[in-house]
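Following: one structure in structure tokens, then a few remarks.
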There are 2 protein chains.
Amino acid sequence: MNDTKPSGPIAAAVALFTIRERLEFLRLEGEHGRIPSVPLEEGETLEACARRALWEAAGIEDVFLEQLYTFDGRLGGPRVVVAYYALAPHDRLRIRRSGVGWMDPTRASTLVEEHRTIVERACERLAGKLEYAPIAYQFLADRFTLGELQSVYEIIGRQTLDKRNFRRRIRASWDLVETHDARREGPHRPARLYRLRDARPPLEG
Amino acid sequence: MNDTKPSGPIAAAVALFTIRERLEFLRLEGEHGRIPSVPLEEGETLEACARRALWEAAGIEDVFLEQLYTFDGRLGGPRVVVAYYALAPHDRLRIRRSGVGWMDPTRASTLVEEHRTIVERACERLAGKLEYAPIAYQFLADRFTLGELQSVYEIIGRQTLDKRNFRRRIRASWDLVETHDARREGPHRPARLYRLRDARPPLEG
DNA sequence: ACAAAAGTGTTCCTGTTACACCCATGT
DNA sequence: ACATGGGTGTAACAGGAACACTTTTGT
């Protein structure tokens, strides 16, 4: 491909995050590092446009998506770029295109500046919302262990947490439902599975 | 005027708030209630566009301005509307155009829907940021009394606060500098004037 | 048997709340 | 003199932080 995109005045860009072992975001491979981004089409909503960016870049759909910020575009590009961030559990993602891969946000400096800014601000927003919005759950399956949940908090918040305090706090903040199942995996005691009761998506603006 | 605006694909809309006795926002008078909004011009940044909206509507400049959210436009209007909120102390505002006035946000329902949403979400954002961002100070002059500051918190937070607790909390959260001046006004003890030391504007996104 | 993560309570400390009186001034 | 908002401290309470051991499993 070349650098001249078929660009309208408005584009949506999406930083898609997932957690494998660390936090990672979806990056288009190529000379200039970029994240998925497409121009807004006629009759399309901004959110639909953002979802299409993920679909066209990687064949990914059905992710949690939230608007981040709107930036002035660079010369030769769209006039404005509406940035979104997306979250999904890693195992629910199936990348169906080549030329995309996962990258550690601490290496966002290899992206074009505009997209680097988006990734960095998305990370800050994520850490900020962790405590008052149910975003951590977006990285997990419907049923999850408290250990998995704690890992998400630790990875996004960039600090280790005390297990007992974490459990008390999380049970006070969110309406977790203890299922009767457990997950057996590895040479240790099985972990009870939980669900988040009222997993209403946050509003925010 | 009529309903067909000379509209490009992108517009900025601004909800300007001030505090007189209550919280108020700047409204364009007319059949359909609106807030200032103009299409983005060639070579103009979004923020400049938002400032121009205030300037063209009311001759207002030099306000604190922060992006709120980007909305899909309505049919017949711009394709996207980038919403901002602005804050300023009332006495620093000089309205230099006719056809604009102040309105209580609780009466935002008289606005066109898109602008009503902007005003409502701006109010929520304001209340939410009150505790961790120095937005209250944007409603005050450089030097202010703690009583004035408390009024701002009470008005935006929609609750009365205990004077002693407020003072302790505010002095713990912000770096306030006690000046040697006081303000004499009314049949009571003069109030000491304070400045906010490091009044760095919040980043946010 | 042992290695590995799951699970569980108590104490301490810090920050938040509730609360009442004197001060300096203008009229 | 009195009415008005400015200014101050303390005790009770709640939420957060620090901290160690037992349980259940796979190998």
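To be explicit about the labels: the chains of the structure tokens are called A, B, and onward in the order shown, and within each one the residues are counted from 1, while ligands get numbers from 1 in the order they are shown.
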*Skipping near chain neighbours, those fewer than 4 positions away, what residues fall within 7 Å of stretch 16-27 of chain D using only C-alpha atoms (C1' of nucleotides), listed as a ChimeraX atom specification?*
/A:186-190
*Any idea which chain B residues end up within 12 Å of chain C if we count only C-alpha atoms (C1' of nucleotides), as number ranges by chain please?*
B: 161-166, 168-169, 172-173, 182-192
Contacts between chain A and chain B, please, where a residue of chain B counts if it comes within 9 Å (with only C-alpha atoms); show its shortest atom pair and distance in Å to one decimal, rows by chain and ascending number, as CSV.
residue,atom,partner,partner_atom,distance
B:Pro9,CA,A:Pro9,CA,7.6
B:Ile10,CA,A:Ile10,CA,8.0
B:Glu42,CA,A:Arg79,CA,8.8
B:Gly43,CA,A:Arg79,CA,8.8
B:Glu44,CA,A:Asp72,CA,8.8
B:Thr45,CA,A:Asp72,CA,6.1
B:Leu46,CA,A:Asp72,CA,6.3
B:Glu47,CA,A:Asp72,CA,8.9
B:Gln67,CA,A:Tyr69,CA,7.8
B:Leu68,CA,A:Gly205,CA,6.4
B:Tyr69,CA,A:Gly205,CA,5.4
B:Thr70,CA,A:Thr70,CA,6.9
B:Phe71,CA,A:Leu46,CA,7.8
B:Asp72,CA,A:Thr45,CA,6.1
B:Gly73,CA,A:Thr45,CA,8.8
B:Arg79,CA,A:Ile10,CA,8.7
B:Val80,CA,A:Leu46,CA,8.1
B:Val82,CA,A:Thr70,CA,7.5
B:Arg121,CA,A:Gly205,CA,7.0
B:Ala122,CA,A:Gly205,CA,8.6
B:Glu124,CA,A:Glu204,CA,8.9
B:Arg125,CA,A:Gly205,CA,7.8
B:Glu204,CA,A:Arg125,CA,8.2
B:Gly205,CA,A:Tyr69,CA,5.4
Save the residues we just selected, N, CA and C atoms, as a short mmCIF file (atom, residue, chain, number, x, y, z; two decimals), in the first residue's frame?
data_model
loop_
_atom_site.label_atom_id
_atom_site.label_comp_id
_atom_site.auth_asym_id
_atom_site.auth_seq_id
_atom_site.Cartn_x
_atom_site.Cartn_y
_atom_site.Cartn_z
N PRO B 9 -19.18 19.69 6.86
CA PRO B 9 -19.40 18.38 7.45
C PRO B 9 -19.09 18.32 8.94
N ILE B 10 -18.34 19.30 9.45
CA ILE B 10 -17.90 19.28 10.84
C ILE B 10 -18.28 20.59 11.49
N GLU B 42 -11.64 25.94 6.89
CA GLU B 42 -10.39 25.46 6.32
C GLU B 42 -9.21 25.92 7.17
N GLY B 43 -8.35 25.03 7.52
CA GLY B 43 -7.12 25.40 8.24
C GLY B 43 -7.32 25.77 9.70
N GLU B 44 -8.51 25.53 10.23
CA GLU B 44 -8.82 25.92 11.60
C GLU B 44 -8.76 24.69 12.51
N THR B 45 -8.24 24.86 13.71
CA THR B 45 -8.30 23.74 14.64
C THR B 45 -9.68 23.66 15.27
N LEU B 46 -9.97 22.51 15.84
CA LEU B 46 -11.27 22.33 16.49
C LEU B 46 -11.45 23.31 17.63
N GLU B 47 -10.40 23.47 18.42
CA GLU B 47 -10.52 24.39 19.55
C GLU B 47 -10.73 25.82 19.07
N GLN B 67 -12.76 19.90 25.53
CA GLN B 67 -13.61 19.07 24.68
C GLN B 67 -14.48 18.16 25.53
N LEU B 68 -15.72 17.97 25.07
CA LEU B 68 -16.66 17.15 25.83
C LEU B 68 -16.89 15.80 25.17
N TYR B 69 -17.31 15.82 23.92
CA TYR B 69 -17.68 14.59 23.25
C TYR B 69 -17.97 14.95 21.80
N THR B 70 -17.92 13.95 20.94
CA THR B 70 -18.25 14.17 19.53
C THR B 70 -19.48 13.36 19.18
N PHE B 71 -20.46 14.05 18.62
CA PHE B 71 -21.74 13.45 18.32
C PHE B 71 -21.94 13.29 16.83
N ASP B 72 -22.73 12.31 16.46
CA ASP B 72 -23.19 12.24 15.08
C ASP B 72 -24.15 13.39 14.84
N GLY B 73 -24.02 14.03 13.69
CA GLY B 73 -24.90 15.15 13.39
C GLY B 73 -26.28 14.68 12.98
N ARG B 79 -22.12 16.69 9.61
CA ARG B 79 -21.99 15.23 9.71
C ARG B 79 -21.62 14.82 11.14
N VAL B 80 -20.72 15.59 11.76
CA VAL B 80 -20.39 15.36 13.17
C VAL B 80 -20.34 16.71 13.91
N VAL B 82 -18.57 18.39 17.20
CA VAL B 82 -17.60 18.25 18.28
C VAL B 82 -18.00 19.23 19.38
N ARG B 121 -24.72 16.65 29.50
CA ARG B 121 -23.49 15.90 29.73
C ARG B 121 -22.39 16.79 30.25
N ALA B 122 -22.38 18.03 29.83
CA ALA B 122 -21.38 18.96 30.35
C ALA B 122 -21.57 19.15 31.85
N GLU B 124 -22.84 17.01 33.95
CA GLU B 124 -22.36 15.80 34.62
C GLU B 124 -20.84 15.78 34.67
N ARG B 125 -20.24 16.11 33.57
CA ARG B 125 -18.78 16.11 33.53
C ARG B 125 -18.21 17.09 34.55
N GLU B 204 -6.79 15.59 30.45
CA GLU B 204 -8.06 14.89 30.15
C GLU B 204 -8.25 14.70 28.65
N GLY B 205 -9.23 13.86 28.34
CA GLY B 205 -9.46 13.57 26.92
C GLY B 205 -10.89 13.12 26.67
#
Contact set, chain D to chain B: 7 Å, only C-alpha atoms (C1' of nucleotides), as a PDB file with N, CA, C and O atoms (P, O5', C5', C4', C3', O3' and C1' of nucleotides), in the first residue's frame:
ATOM      1  P    DT D   4     -29.260  39.208  59.008  1.00  0.00           P
ATOM      2  O5'  DT D   4     -27.801  39.029  58.405  1.00  0.00           O
ATOM      3  C5'  DT D   4     -27.205  40.075  57.631  1.00  0.00           C
ATOM      4  C4'  DT D   4     -25.754  39.742  57.423  1.00  0.00           C
ATOM      5  C3'  DT D   4     -25.507  38.267  57.088  1.00  0.00           C
ATOM      6  O3'  DT D   4     -24.961  38.153  55.797  1.00  0.00           O
ATOM      7  C1'  DT D   4     -23.955  39.089  58.692  1.00  0.00           C
ATOM      8  P    DG D   5     -25.186  36.825  54.868  1.00  0.00           P
ATOM      9  O5'  DG D   5     -23.730  36.149  54.907  1.00  0.00           O
ATOM     10  C5'  DG D   5     -22.755  36.707  54.037  1.00  0.00           C
ATOM     11  C4'  DG D   5     -21.409  36.651  54.681  1.00  0.00           C
ATOM     12  C3'  DG D   5     -20.720  35.277  54.576  1.00  0.00           C
ATOM     13  O3'  DG D   5     -19.413  35.469  54.090  1.00  0.00           O
ATOM     14  C1'  DG D   5     -20.677  36.072  56.789  1.00  0.00           C
ATOM     15  P    DG D   6     -18.255  34.399  54.159  1.00  0.00           P
ATOM     16  O5'  DG D   6     -17.424  34.944  55.405  1.00  0.00           O
ATOM     17  C5'  DG D   6     -16.664  36.134  55.271  1.00  0.00           C
ATOM     18  C4'  DG D   6     -15.484  36.125  56.217  1.00  0.00           C
ATOM     19  C3'  DG D   6     -14.533  34.946  56.041  1.00  0.00           C
ATOM     20  O3'  DG D   6     -13.192  35.408  56.261  1.00  0.00           O
ATOM     21  C1'  DG D   6     -15.556  34.823  58.178  1.00  0.00           C
TER      22       DG D   6
END
*asked:* What does the structure give for the distance between atom CA of A:Leu23 and atom CA of B:Tyr132, in Å to one decimal?
replied: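 About the pair atom CA of A:Leu23 and atom CA of B:Tyr132: they are 26.1 Å apart.
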